[in-house]
file run_33.cif (mmCIF, C-alpha atoms)
data_query
loop_
_atom_site.label_atom_id
_atom_site.label_comp_id
_atom_site.auth_asym_id
_atom_site.auth_seq_id
_atom_site.Cartn_x
_atom_site.Cartn_y
_atom_site.Cartn_z
CA MET A 254 -11.16 16.40 13.26
CA THR A 255 -8.89 17.36 10.40
CA THR A 256 -10.27 20.02 8.05
CA LEU A 257 -9.33 19.46 4.43
CA PRO A 258 -7.54 22.31 2.65
CA VAL A 259 -9.43 23.95 -0.18
CA GLN A 260 -8.74 22.22 -3.49
CA GLN A 261 -10.00 22.26 -7.04
CA PRO A 262 -13.61 21.03 -7.31
CA LEU A 263 -14.24 17.38 -8.06
CA ALA A 264 -15.95 16.60 -11.37
CA ALA A 265 -19.62 15.77 -10.85
CA ASP A 266 -19.46 12.61 -12.93
CA ILE A 267 -16.86 10.96 -10.67
CA VAL A 268 -18.92 8.44 -8.70
CA SER A 269 -16.53 5.48 -8.47
CA LEU A 270 -12.83 4.66 -8.27
CA PRO A 271 -12.72 3.73 -12.00
CA ASP A 272 -14.13 7.21 -12.71
CA HIS A 273 -11.30 8.70 -10.67
CA GLU A 274 -8.79 6.78 -12.78
CA GLN A 275 -10.28 7.99 -16.08
CA HIS A 276 -10.26 11.62 -14.97
CA ALA A 277 -6.75 11.38 -13.51
CA ARG A 278 -5.43 10.28 -16.90
CA GLN A 279 -6.43 13.68 -18.25
CA ARG A 280 -4.65 15.51 -15.43
CA LEU A 281 -1.36 13.61 -15.37
CA ASP A 282 1.29 13.93 -18.06
CA ASP A 283 2.69 10.83 -19.74
CA ASN A 284 5.70 10.84 -17.42
CA ALA A 285 3.69 10.68 -14.19
CA TRP A 286 1.04 8.41 -15.69
CA SER A 287 3.61 5.81 -16.73
CA TYR A 288 5.06 5.78 -13.22
CA PHE A 289 1.84 5.50 -11.27
CA SER A 290 -0.23 3.31 -13.58
CA GLY A 291 2.33 0.97 -15.08
CA GLY A 292 3.39 -2.51 -14.02
CA ALA A 293 6.22 -4.86 -14.82
CA ALA A 294 6.84 -6.36 -18.25
CA ASP A 295 3.55 -7.43 -19.92
CA GLU A 296 1.53 -6.27 -16.88
CA ILE A 297 -0.10 -9.67 -16.46
CA THR A 298 0.03 -9.49 -12.68
CA LEU A 299 -1.18 -5.90 -12.76
CA ARG A 300 -4.30 -7.02 -14.61
CA SER A 301 -4.80 -10.24 -12.64
CA ASN A 302 -4.81 -8.34 -9.35
CA ARG A 303 -8.04 -6.74 -10.50
CA SER A 304 -9.61 -9.71 -12.28
CA ALA A 305 -9.02 -12.04 -9.33
CA TRP A 306 -11.19 -9.94 -7.02
CA GLU A 307 -13.83 -9.62 -9.73
CA ALA A 308 -13.93 -13.40 -10.19
CA LEU A 309 -14.84 -14.08 -6.56
CA PRO A 310 -18.66 -14.22 -6.28
CA LEU A 311 -20.29 -13.07 -3.07
CA TRP A 312 -22.92 -15.44 -1.65
CA PRO A 313 -25.43 -13.28 0.20
CA ARG A 314 -27.60 -14.27 3.14
CA VAL A 315 -30.97 -12.62 3.69
CA LEU A 316 -33.29 -11.55 6.52
CA ARG A 317 -30.47 -11.14 9.02
CA PRO A 318 -30.59 -8.41 11.69
CA LEU A 319 -28.45 -5.50 10.53
CA ALA A 320 -29.41 -2.55 12.74
CA GLY A 321 -26.48 -1.22 14.71
CA GLY A 322 -23.90 -2.69 12.35
CA HIS A 323 -20.51 -1.07 11.83
CA THR A 324 -17.21 -1.38 9.97
CA ARG A 325 -14.87 -1.20 12.97
CA VAL A 326 -11.94 -3.63 13.17
CA PRO A 327 -9.09 -4.24 15.64
CA LEU A 328 -5.53 -3.92 14.36
CA LEU A 329 -2.26 -3.94 16.34
CA GLY A 330 -3.85 -2.74 19.55
CA ARG A 331 -6.08 -0.08 17.99
CA THR A 332 -9.69 -0.05 16.89
CA LEU A 333 -10.03 1.32 13.37
CA ALA A 334 -13.22 2.97 12.13
CA HIS A 335 -12.94 0.83 9.00
CA PRO A 336 -10.39 -1.59 7.50
CA ILE A 337 -9.11 0.68 4.69
CA LEU A 338 -5.54 2.01 4.79
CA LEU A 339 -3.54 3.90 2.19
CA ALA A 340 -0.58 1.98 0.81
CA PRO A 341 2.90 3.49 0.44
CA ILE A 342 3.42 5.23 -2.90
CA ALA A 343 6.53 7.21 -3.73
CA PHE A 344 6.83 10.72 -5.17
CA GLN A 345 3.20 11.78 -4.74
CA ARG A 346 4.05 15.37 -5.66
CA LEU A 347 4.13 14.04 -9.22
CA ALA A 348 0.34 13.91 -8.92
CA HIS A 349 -0.32 17.09 -6.95
CA PRO A 350 1.84 19.88 -5.47
CA ASP A 351 0.72 19.01 -1.93
CA GLY A 352 1.72 15.38 -2.41
CA GLU A 353 1.80 13.25 0.73
CA LEU A 354 0.53 16.10 2.90
CA ALA A 355 -2.78 16.13 1.03
CA LEU A 356 -2.97 12.35 1.33
CA VAL A 357 -2.56 12.30 5.11
CA TYR A 358 -4.99 15.18 5.61
CA ALA A 359 -7.62 13.22 3.72
CA ALA A 360 -6.85 9.99 5.55
CA ALA A 361 -7.10 11.69 8.94
CA ALA A 362 -10.44 13.25 8.01
CA LEU A 363 -11.80 9.82 7.04
CA GLY A 364 -10.20 7.84 9.88
CA ALA A 365 -7.98 5.86 7.51
CA GLY A 366 -4.50 4.58 8.25
CA VAL A 367 -1.52 5.69 6.16
CA VAL A 368 1.75 3.95 5.30
CA LEU A 369 4.25 6.61 4.24
CA SER A 370 6.83 5.59 1.66
CA THR A 371 10.56 5.83 2.30
CA GLN A 372 10.61 7.55 -1.10
CA ALA A 373 8.00 10.15 -0.17
CA SER A 374 8.43 13.56 -1.74
CA VAL A 375 7.57 15.27 1.59
CA SER A 376 9.59 14.74 4.76
CA LEU A 377 8.36 12.12 7.20
CA GLU A 378 8.40 14.71 10.00
CA ALA A 379 6.18 17.13 8.09
CA VAL A 380 3.70 14.38 7.32
CA ALA A 381 3.53 13.21 10.93
CA SER A 382 3.17 16.70 12.42
CA ALA A 383 0.32 17.48 10.03
CA VAL A 384 -1.99 14.83 11.48
CA HIS A 385 -0.77 13.87 14.94
CA PRO A 386 -3.06 16.33 16.75
CA ASP A 387 -6.16 14.67 15.25
CA PRO A 388 -7.61 12.14 17.71
CA GLY A 389 -9.78 10.58 15.00
CA ARG A 390 -6.98 9.69 12.61
CA GLY A 391 -6.04 6.16 11.76
CA PRO A 392 -2.61 4.60 12.36
CA LEU A 393 0.48 6.18 10.82
CA TRP A 394 3.13 3.68 9.71
CA PHE A 395 6.45 4.15 7.92
CA GLN A 396 7.40 1.95 4.97
CA LEU A 397 11.06 1.07 4.91
CA TYR A 398 13.52 -0.08 2.28
CA LEU A 399 16.67 -1.32 3.96
CA GLN A 400 19.50 0.81 2.63
CA PRO A 401 23.01 -0.53 1.94
CA ASP A 402 24.27 1.84 4.65
CA ARG A 403 22.85 0.25 7.79
CA GLY A 404 23.88 3.28 9.82
CA PHE A 405 21.72 5.47 7.60
CA THR A 406 18.86 2.96 7.91
CA ARG A 407 19.14 3.02 11.71
CA ALA A 408 19.03 6.82 11.68
CA LEU A 409 15.98 6.75 9.40
CA VAL A 410 14.22 4.36 11.80
CA GLN A 411 15.08 6.65 14.70
CA ARG A 412 13.61 9.60 12.83
CA ALA A 413 10.38 7.67 12.27
CA GLU A 414 10.21 6.76 15.95
CA ALA A 415 10.85 10.33 17.06
CA ALA A 416 8.19 11.66 14.67
CA GLY A 417 5.55 9.35 16.19
CA TYR A 418 5.13 6.63 13.58
CA GLU A 419 3.51 3.57 15.11
CA ALA A 420 4.96 0.72 13.06
CA LEU A 421 7.54 -0.06 10.39
CA VAL A 422 6.50 -1.74 7.15
CA LEU A 423 9.51 -3.42 5.58
CA THR A 424 9.13 -4.05 1.86
CA VAL A 425 10.66 -7.46 1.12
CA ASP A 426 9.62 -8.19 -2.47
CA ALA A 427 11.86 -5.77 -4.34
CA PRO A 428 15.57 -6.65 -4.08
CA THR A 429 15.64 -5.09 -7.52
CA SER A 430 13.16 -3.15 -9.62
CA GLY A 431 10.96 -4.95 -12.11
CA ALA A 432 11.30 -4.53 -15.87
CA ARG A 433 8.85 -1.64 -16.21
CA ASP A 434 8.40 -1.35 -19.93
CA ARG A 435 5.79 1.37 -19.77
CA GLU A 436 8.12 3.64 -17.79
CA ARG A 437 10.98 2.97 -20.18
CA ARG A 438 8.84 3.75 -23.22
CA ALA A 439 7.83 7.05 -21.64
CA GLY A 440 11.41 7.85 -20.65
CA PHE A 441 10.33 8.32 -17.04
CA ARG A 442 12.34 10.80 -14.98
CA LEU A 443 11.75 12.78 -11.82
CA PRO A 444 11.22 16.46 -12.58
CA PRO A 445 13.31 19.10 -10.81
CA GLY A 446 12.25 19.68 -7.21
CA ILE A 447 10.75 16.21 -6.65
CA GLY A 448 12.78 13.44 -5.08
CA PRO A 449 13.17 11.08 -2.11
CA VAL A 450 13.67 13.80 0.49
CA ASN A 451 13.91 11.35 3.39
CA LEU A 452 17.01 9.81 1.81
CA ALA A 453 18.87 13.12 1.52
CA GLY A 454 22.49 12.76 2.57
CA MET A 455 22.71 9.02 1.96
CA GLN A 456 25.85 8.02 0.11
CA PRO A 457 25.37 5.31 -2.53
CA PRO A 458 27.57 2.25 -2.14
CA ALA A 459 30.71 2.12 -4.19
CA ALA A 460 30.19 0.28 -7.45
CA PRO A 461 32.05 -3.05 -7.42
CA ARG A 462 34.67 -3.85 -10.00
CA LEU A 463 33.23 -6.61 -12.11
CA ALA A 464 35.32 -9.18 -13.87
CA ALA A 465 34.52 -10.28 -17.39
CA GLY A 466 31.34 -12.33 -17.44
CA GLN A 467 30.10 -11.16 -14.04
CA SER A 468 26.56 -9.88 -13.55
CA ALA A 469 26.00 -6.28 -12.54
CA LEU A 470 22.91 -7.51 -10.69
CA PHE A 471 24.02 -10.72 -8.96
CA ASP A 472 27.65 -9.73 -8.45
CA GLY A 473 26.87 -6.11 -7.68
CA LEU A 474 23.52 -4.73 -6.54
CA LEU A 475 22.24 -7.88 -4.84
CA HIS A 476 25.17 -7.99 -2.42
CA HIS A 477 23.19 -5.33 -0.52
CA ALA A 478 19.79 -7.03 -0.75
CA PRO A 479 18.16 -7.81 2.62
CA THR A 480 17.86 -11.37 3.91
CA TRP A 481 16.09 -13.03 6.82
CA ASP A 482 19.05 -12.13 9.05
CA ASP A 483 18.24 -8.47 8.50
CA ILE A 484 14.81 -8.91 10.06
CA ALA A 485 16.47 -9.75 13.36
CA TRP A 486 18.79 -6.76 12.95
CA LEU A 487 15.90 -4.38 12.24
CA ARG A 488 13.93 -5.62 15.23
CA SER A 489 17.01 -5.08 17.40
CA VAL A 490 17.28 -1.37 16.49
CA THR A 491 13.63 -0.35 16.92
CA ARG A 492 10.92 -0.46 19.53
CA LEU A 493 8.25 -0.36 16.82
CA PRO A 494 6.41 -3.43 15.53
CA VAL A 495 7.73 -4.58 12.15
CA LEU A 496 5.38 -5.78 9.42
CA LEU A 497 6.66 -7.44 6.25
CA LYS A 498 5.13 -6.25 2.97
CA GLY A 499 5.36 -8.39 -0.15
CA VAL A 500 4.72 -11.87 1.22
CA LEU A 501 2.96 -14.24 -1.20
CA HIS A 502 4.24 -17.72 -0.36
CA PRO A 503 2.89 -19.63 2.67
CA ALA A 504 6.39 -20.85 3.58
CA ASP A 505 7.63 -17.26 3.73
CA ALA A 506 4.63 -16.34 5.84
CA ARG A 507 5.50 -19.00 8.40
CA GLN A 508 9.15 -17.98 8.42
CA ALA A 509 8.14 -14.34 8.93
CA VAL A 510 6.14 -15.26 12.02
CA ASP A 511 9.11 -17.25 13.34
CA ALA A 512 11.32 -14.21 12.69
CA GLY A 513 9.12 -12.04 14.89
CA ALA A 514 7.13 -10.09 12.33
CA ALA A 515 4.18 -8.30 13.92
CA GLY A 516 2.10 -8.60 10.77
CA LEU A 517 2.18 -9.44 7.08
CA ILE A 518 1.00 -7.62 4.00
CA VAL A 519 0.12 -9.90 1.10
CA SER A 520 1.35 -7.88 -1.86
CA ASN A 521 2.98 -8.25 -5.25
CA HIS A 522 4.03 -4.60 -5.31
CA GLY A 523 1.00 -3.68 -7.38
CA GLY A 524 2.29 -5.82 -10.22
CA ARG A 525 5.41 -3.62 -10.49
CA THR A 526 8.15 -6.16 -9.72
CA LEU A 527 7.72 -9.80 -10.83
CA ASP A 528 5.27 -10.16 -13.69
CA THR A 529 3.16 -13.37 -13.64
CA ALA A 530 3.37 -13.51 -9.83
CA PRO A 531 0.02 -14.64 -8.38
CA ALA A 532 -2.76 -12.16 -7.76
CA THR A 533 -3.05 -11.10 -4.15
CA ALA A 534 -6.63 -12.38 -3.91
CA THR A 535 -5.26 -15.82 -4.81
CA ALA A 536 -2.37 -15.70 -2.34
CA LEU A 537 -4.31 -14.21 0.59
CA PRO A 538 -6.19 -17.29 1.86
CA ARG A 539 -3.04 -19.42 1.62
CA VAL A 540 -1.05 -16.95 3.71
CA VAL A 541 -3.87 -16.60 6.23
CA GLN A 542 -4.00 -20.38 6.62
CA ALA A 543 -0.21 -20.57 6.97
CA VAL A 544 -0.01 -18.13 9.88
CA GLY A 545 -3.05 -19.53 11.65
CA GLY A 546 -4.00 -16.27 13.34
CA ALA A 547 -0.57 -15.69 14.87
CA VAL A 548 -0.32 -12.21 13.34
CA PRO A 549 -2.64 -9.92 11.39
CA VAL A 550 -2.58 -10.34 7.62
CA LEU A 551 -3.33 -7.36 5.39
CA VAL A 552 -3.62 -7.30 1.61
CA ASP A 553 -3.28 -4.83 -1.25
CA GLY A 554 -3.42 -4.98 -5.04
CA GLY A 555 -6.38 -4.38 -7.33
CA ILE A 556 -8.94 -3.32 -4.72
CA ARG A 557 -11.32 -0.93 -6.45
CA ARG A 558 -14.74 -1.57 -4.88
CA GLY A 559 -16.26 -2.00 -1.46
CA THR A 560 -17.17 -5.52 -2.51
CA ASP A 561 -13.43 -6.20 -2.91
CA VAL A 562 -12.82 -5.01 0.65
CA LEU A 563 -15.55 -7.32 1.93
CA LYS A 564 -14.15 -10.26 -0.04
CA ALA A 565 -10.69 -9.65 1.43
CA MET A 566 -12.09 -9.63 4.94
CA ALA A 567 -14.06 -12.81 4.22
CA LEU A 568 -10.82 -14.49 3.10
CA GLY A 569 -9.18 -13.64 6.41
CA ALA A 570 -7.59 -10.23 5.95
CA SER A 571 -7.41 -7.95 8.96
CA ALA A 572 -7.46 -4.86 6.73
CA VAL A 573 -6.73 -3.77 3.16
CA LEU A 574 -4.47 -1.18 1.59
CA VAL A 575 -5.30 0.92 -1.45
CA GLY A 576 -2.60 2.55 -3.57
CA ARG A 577 -3.24 3.81 -7.09
CA PRO A 578 -6.85 4.98 -6.47
CA ALA A 579 -5.58 7.40 -3.80
CA VAL A 580 -3.18 8.87 -6.38
CA TRP A 581 -6.03 9.25 -8.87
CA GLY A 582 -8.05 11.13 -6.26
CA LEU A 583 -5.00 13.22 -5.40
CA ALA A 584 -4.52 14.18 -9.05
CA ASN A 585 -8.19 15.03 -9.48
CA ALA A 586 -8.79 17.22 -6.44
CA GLY A 587 -5.94 17.07 -3.95
CA ALA A 588 -6.90 16.14 -0.41
CA ALA A 589 -10.60 16.34 -1.24
CA GLY A 590 -10.12 13.83 -4.05
CA VAL A 591 -8.35 11.34 -1.76
CA ALA A 592 -11.09 11.78 0.82
CA HIS A 593 -13.68 11.09 -1.87
CA VAL A 594 -11.92 7.84 -2.81
CA LEU A 595 -11.96 6.71 0.82
CA ARG A 596 -15.59 7.74 1.29
CA LEU A 597 -16.66 5.83 -1.81
CA LEU A 598 -14.91 2.67 -0.65
CA ARG A 599 -16.36 2.85 2.83
CA ASP A 600 -19.88 3.57 1.57
CA GLU A 601 -19.65 0.69 -0.90
CA LEU A 602 -18.32 -1.58 1.86
CA GLU A 603 -21.31 -0.79 4.07
CA ILE A 604 -23.70 -1.43 1.19
CA ALA A 605 -22.02 -4.76 0.41
CA MET A 606 -22.17 -5.76 4.08
CA ALA A 607 -25.88 -4.97 4.29
CA LEU A 608 -26.67 -6.83 1.07
CA THR A 609 -24.79 -9.96 2.17
CA GLY A 610 -26.23 -10.04 5.68
CA CYS A 611 -23.10 -8.90 7.54
CA ALA A 612 -23.81 -6.50 10.38
CA THR A 613 -20.12 -6.40 11.25
CA LEU A 614 -16.95 -7.54 9.56
CA ALA A 615 -16.69 -10.36 12.08
CA ASP A 616 -19.63 -11.85 10.15
CA ALA A 617 -17.52 -12.02 6.98
CA SER A 618 -16.17 -15.57 6.75
CA PRO A 619 -15.00 -17.75 3.85
CA ALA A 620 -18.62 -18.92 3.60
CA LEU A 621 -19.38 -15.49 2.12
CA ILE A 622 -17.52 -16.48 -1.06
CA ALA A 623 -19.65 -18.71 -3.29
CA PRO A 624 -18.03 -22.03 -4.27
CA ASP A 625 -17.02 -22.66 -7.87
#

call {"tool": "encode", "arguments": {"input": "run_33.cif", "output": "structure tokens"}}
result
Amino acid sequence: MTTLPVQQPLAADIVSLPDHEQHARQRLDDNAWSYFSGGAADEITLRSNRSAWEALPLWPRVLRPLAGGHTRVPLLGRTLAHPILLAPIAFQRLAHPDGELALVYAAAALGAGVVLSTQASVSLEAVASAVHPDPGRGPLWFQLYLQPDRGFTRALVQRAEAAGYEALVLTVDAPTSGARDRERRAGFRLPPGIGPVNLAGMQPPAAPRLAAGQSALFDGLLHHAPTWDDIAWLRSVTRLPVLLKGVLHPADARQAVDAGAAGLIVSNHGGRTLDTAPATATALPRVVQAVGGAVPVLVDGGIRRGTDVLKAMALGASAVLVGRPAVWGLANAGAAGVAHVLRLLRDELEIAMALTGCATLADASPALIAPD
């Protein structure tokens, strides 16, 4: 069992994930806050991610046998203690000096899976070596952005394999960044000493010469954007299962299965790319129906309560991922703060299960969501 490093004490009045967010605002400067908390454009999708989960009413059953219940779930050949994983978030040292190391220590202590970002501020090898000896840890996956230099991408994949990562999570919903007004207003910049250390040594592609009237985006940057053909290429250069993160449309979900994806993550990038994209709670059941059980479907975006986790499982998710709340916990108390976030979610999940008559998560079906 991983022992958490000593950190600053957690404020006594933090008893929920929203409390963590309020306290984190006091600890983070405007630069870091704009990066972690902001969304794209008018932040409509950012807000709807949360409101969509809130709008789903649970329909409890009573007098069901609950003794001996548990939160265990199967996922990609493993049995997880609970269905809560930590989503990939870049540059976590903006929130705490220990950054991603604190996050994985906390996750290992609580049996949670972790998806490490390509743009982590700690090396992927250091993160993996910190938790691999712990037999109780959850799965460790590596999130990947395909780089214009495919040779560099292949080497990055090989590093992840050698370090012991168990799956690749390819982000597919960000061929370009969203229009993040909040970051631009704050003048966001990475401070000295924090950067994407796993991308060190990568040479940026040469800027194309654009003729008059050409688009820097469509005639430049997007020439390097991944396509469905790149899924086949990625699968050919790795022995790891490949999950696609950022799938919202049922047609894309079906095509992903046909392309050999080992799993899907229903995600709109936390509302940070395309504003007015549908909330993940809205897209989830449509994607689940489209794949018909062929692969596991996970979901992120706006999950802040154990009731949200239960709703996601009732709608067909195999597990959920949580992003921003882990950063709030990290800012508040380092590894101990992240562990507290995970503990709160799991405790609230167990309470919600008991109060809806679900002894296990296999009991959570669409019938658990009350009709309109």

call {"tool": "residues_around", "arguments": {"input": "run_33.cif", "residues": "region 540-550 of chain A", "least_positions_apart": "2", "cutoff": "12 Å", "atoms": "all atoms listed in the file", "output": "MDAnalysis selection string"}}
result
chainID A and resid 326:330 336 494:520 533:538 552:553 565:574 619

call {"tool": "resolve_selection", "arguments": {"input": "run_33.cif", "expression": "the PyMOL selection byres ((chain A and resi 599) around 10)", "output": "PyMOL selection string"}}
result
chain A and resi 324+334-337+363+558-560+562+593-598+600-605

call {"tool": "atom_distance", "arguments": {"input": "run_33.cif", "atom1": "CA of Leu583 (chain A)", "atom2": "CA of Thr298 (chain A)"}}
result
24.4 Å

call {"tool": "atom_distance", "arguments": {"input": "run_33.cif", "atom1": "CA of Gln411 (chain A)", "atom2": "CA of Pro350 (chain A)"}}
result
27.5 Å

call {"tool": "residues_around", "arguments": {"input": "run_33.cif", "residues": "Leu319 (chain A)", "least_positions_apart": "6", "cutoff": "10 Å", "atoms": "all atoms listed in the file", "output": "PDB file with C-alpha atoms, in the coordinates of the input"}}
result
ATOM      1  CA  MET A 606     -22.170  -5.760   4.080  1.00  0.00           C
ATOM      2  CA  ALA A 607     -25.880  -4.970   4.290  1.00  0.00           C
ATOM      3  CA  LEU A 608     -26.670  -6.830   1.070  1.00  0.00           C
ATOM      4  CA  GLY A 610     -26.230 -10.040   5.680  1.00  0.00           C
ATOM      5  CA  CYS A 611     -23.100  -8.900   7.540  1.00  0.00           C
ATOM      6  CA  ALA A 612     -23.810  -6.500  10.380  1.00  0.00           C
ATOM      7  CA  THR A 613     -20.120  -6.400  11.250  1.00  0.00           C
TER       8      THR A 613
END

call {"tool": "closest_residue", "arguments": {"input": "run_33.cif", "among": "A:Asn585, A:Gln400, A:Thr424, A:Gln345", "to": "Ala373 (chain A)", "atoms": "all atoms listed in the file"}}
result
A:Gln345

call {"tool": "residues_around", "arguments": {"input": "run_33.cif", "residues": "Ala413 (chain A)", "least_positions_apart": "6", "cutoff": "12 Å", "atoms": "all atoms listed in the file", "output": "PyMOL selection string"}}
result
chain A and resi 368-371+376-382+393-397+406-407+419-422+451+491-493

call {"tool": "residues_around", "arguments": {"input": "run_33.cif", "residues": "region 301-312 of chain A", "least_positions_apart": "3", "cutoff": "9 Å", "atoms": "all atoms listed in the file", "output": "PDB file with C-alpha atoms, in the frame of the given file"}}
result
ATOM      1  CA  GLU A 296       1.530  -6.270 -16.880  1.00  0.00           C
ATOM      2  CA  ILE A 297      -0.100  -9.670 -16.460  1.00  0.00           C
ATOM      3  CA  THR A 298       0.030  -9.490 -12.680  1.00  0.00           C
ATOM      4  CA  ASN A 521       2.980  -8.250  -5.250  1.00  0.00           C
ATOM      5  CA  GLY A 523       1.000  -3.680  -7.380  1.00  0.00           C
ATOM      6  CA  GLY A 524       2.290  -5.820 -10.220  1.00  0.00           C
ATOM      7  CA  THR A 529       3.160 -13.370 -13.640  1.00  0.00           C
ATOM      8  CA  PRO A 531       0.020 -14.640  -8.380  1.00  0.00           C
ATOM      9  CA  ALA A 532      -2.760 -12.160  -7.760  1.00  0.00           C
ATOM     10  CA  THR A 533      -3.050 -11.100  -4.150  1.00  0.00           C
ATOM     11  CA  ALA A 534      -6.630 -12.380  -3.910  1.00  0.00           C
ATOM     12  CA  THR A 535      -5.260 -15.820  -4.810  1.00  0.00           C
ATOM     13  CA  ASP A 553      -3.280  -4.830  -1.250  1.00  0.00           C
ATOM     14  CA  GLY A 554      -3.420  -4.980  -5.040  1.00  0.00           C
ATOM     15  CA  GLY A 555      -6.380  -4.380  -7.330  1.00  0.00           C
ATOM     16  CA  ILE A 556      -8.940  -3.320  -4.720  1.00  0.00           C
ATOM     17  CA  ARG A 557     -11.320  -0.930  -6.450  1.00  0.00           C
ATOM     18  CA  THR A 560     -17.170  -5.520  -2.510  1.00  0.00           C
ATOM     19  CA  ASP A 561     -13.430  -6.200  -2.910  1.00  0.00           C
ATOM     20  CA  LEU A 563     -15.550  -7.320   1.930  1.00  0.00           C
ATOM     21  CA  LYS A 564     -14.150 -10.260  -0.040  1.00  0.00           C
ATOM     22  CA  ALA A 565     -10.690  -9.650   1.430  1.00  0.00           C
ATOM     23  CA  THR A 609     -24.790  -9.960   2.170  1.00  0.00           C
ATOM     24  CA  ALA A 620     -18.620 -18.920   3.600  1.00  0.00           C
ATOM     25  CA  LEU A 621     -19.380 -15.490   2.120  1.00  0.00           C
ATOM     26  CA  ILE A 622     -17.520 -16.480  -1.060  1.00  0.00           C
ATOM     27  CA  ALA A 623     -19.650 -18.710  -3.290  1.00  0.00           C
ATOM     28  CA  PRO A 624     -18.030 -22.030  -4.270  1.00  0.00           C
ATOM     29  CA  ASP A 625     -17.020 -22.660  -7.870  1.00  0.00           C
TER      30      ASP A 625
END

call {"tool": "closest_residue", "arguments": {"input": "run_33.cif", "among": "A:Gly417, A:Val450, A:Trp486, A:Asp528", "to": "Glu353 (chain A)", "atoms": "only C-alpha atoms"}}
result
A:Val450
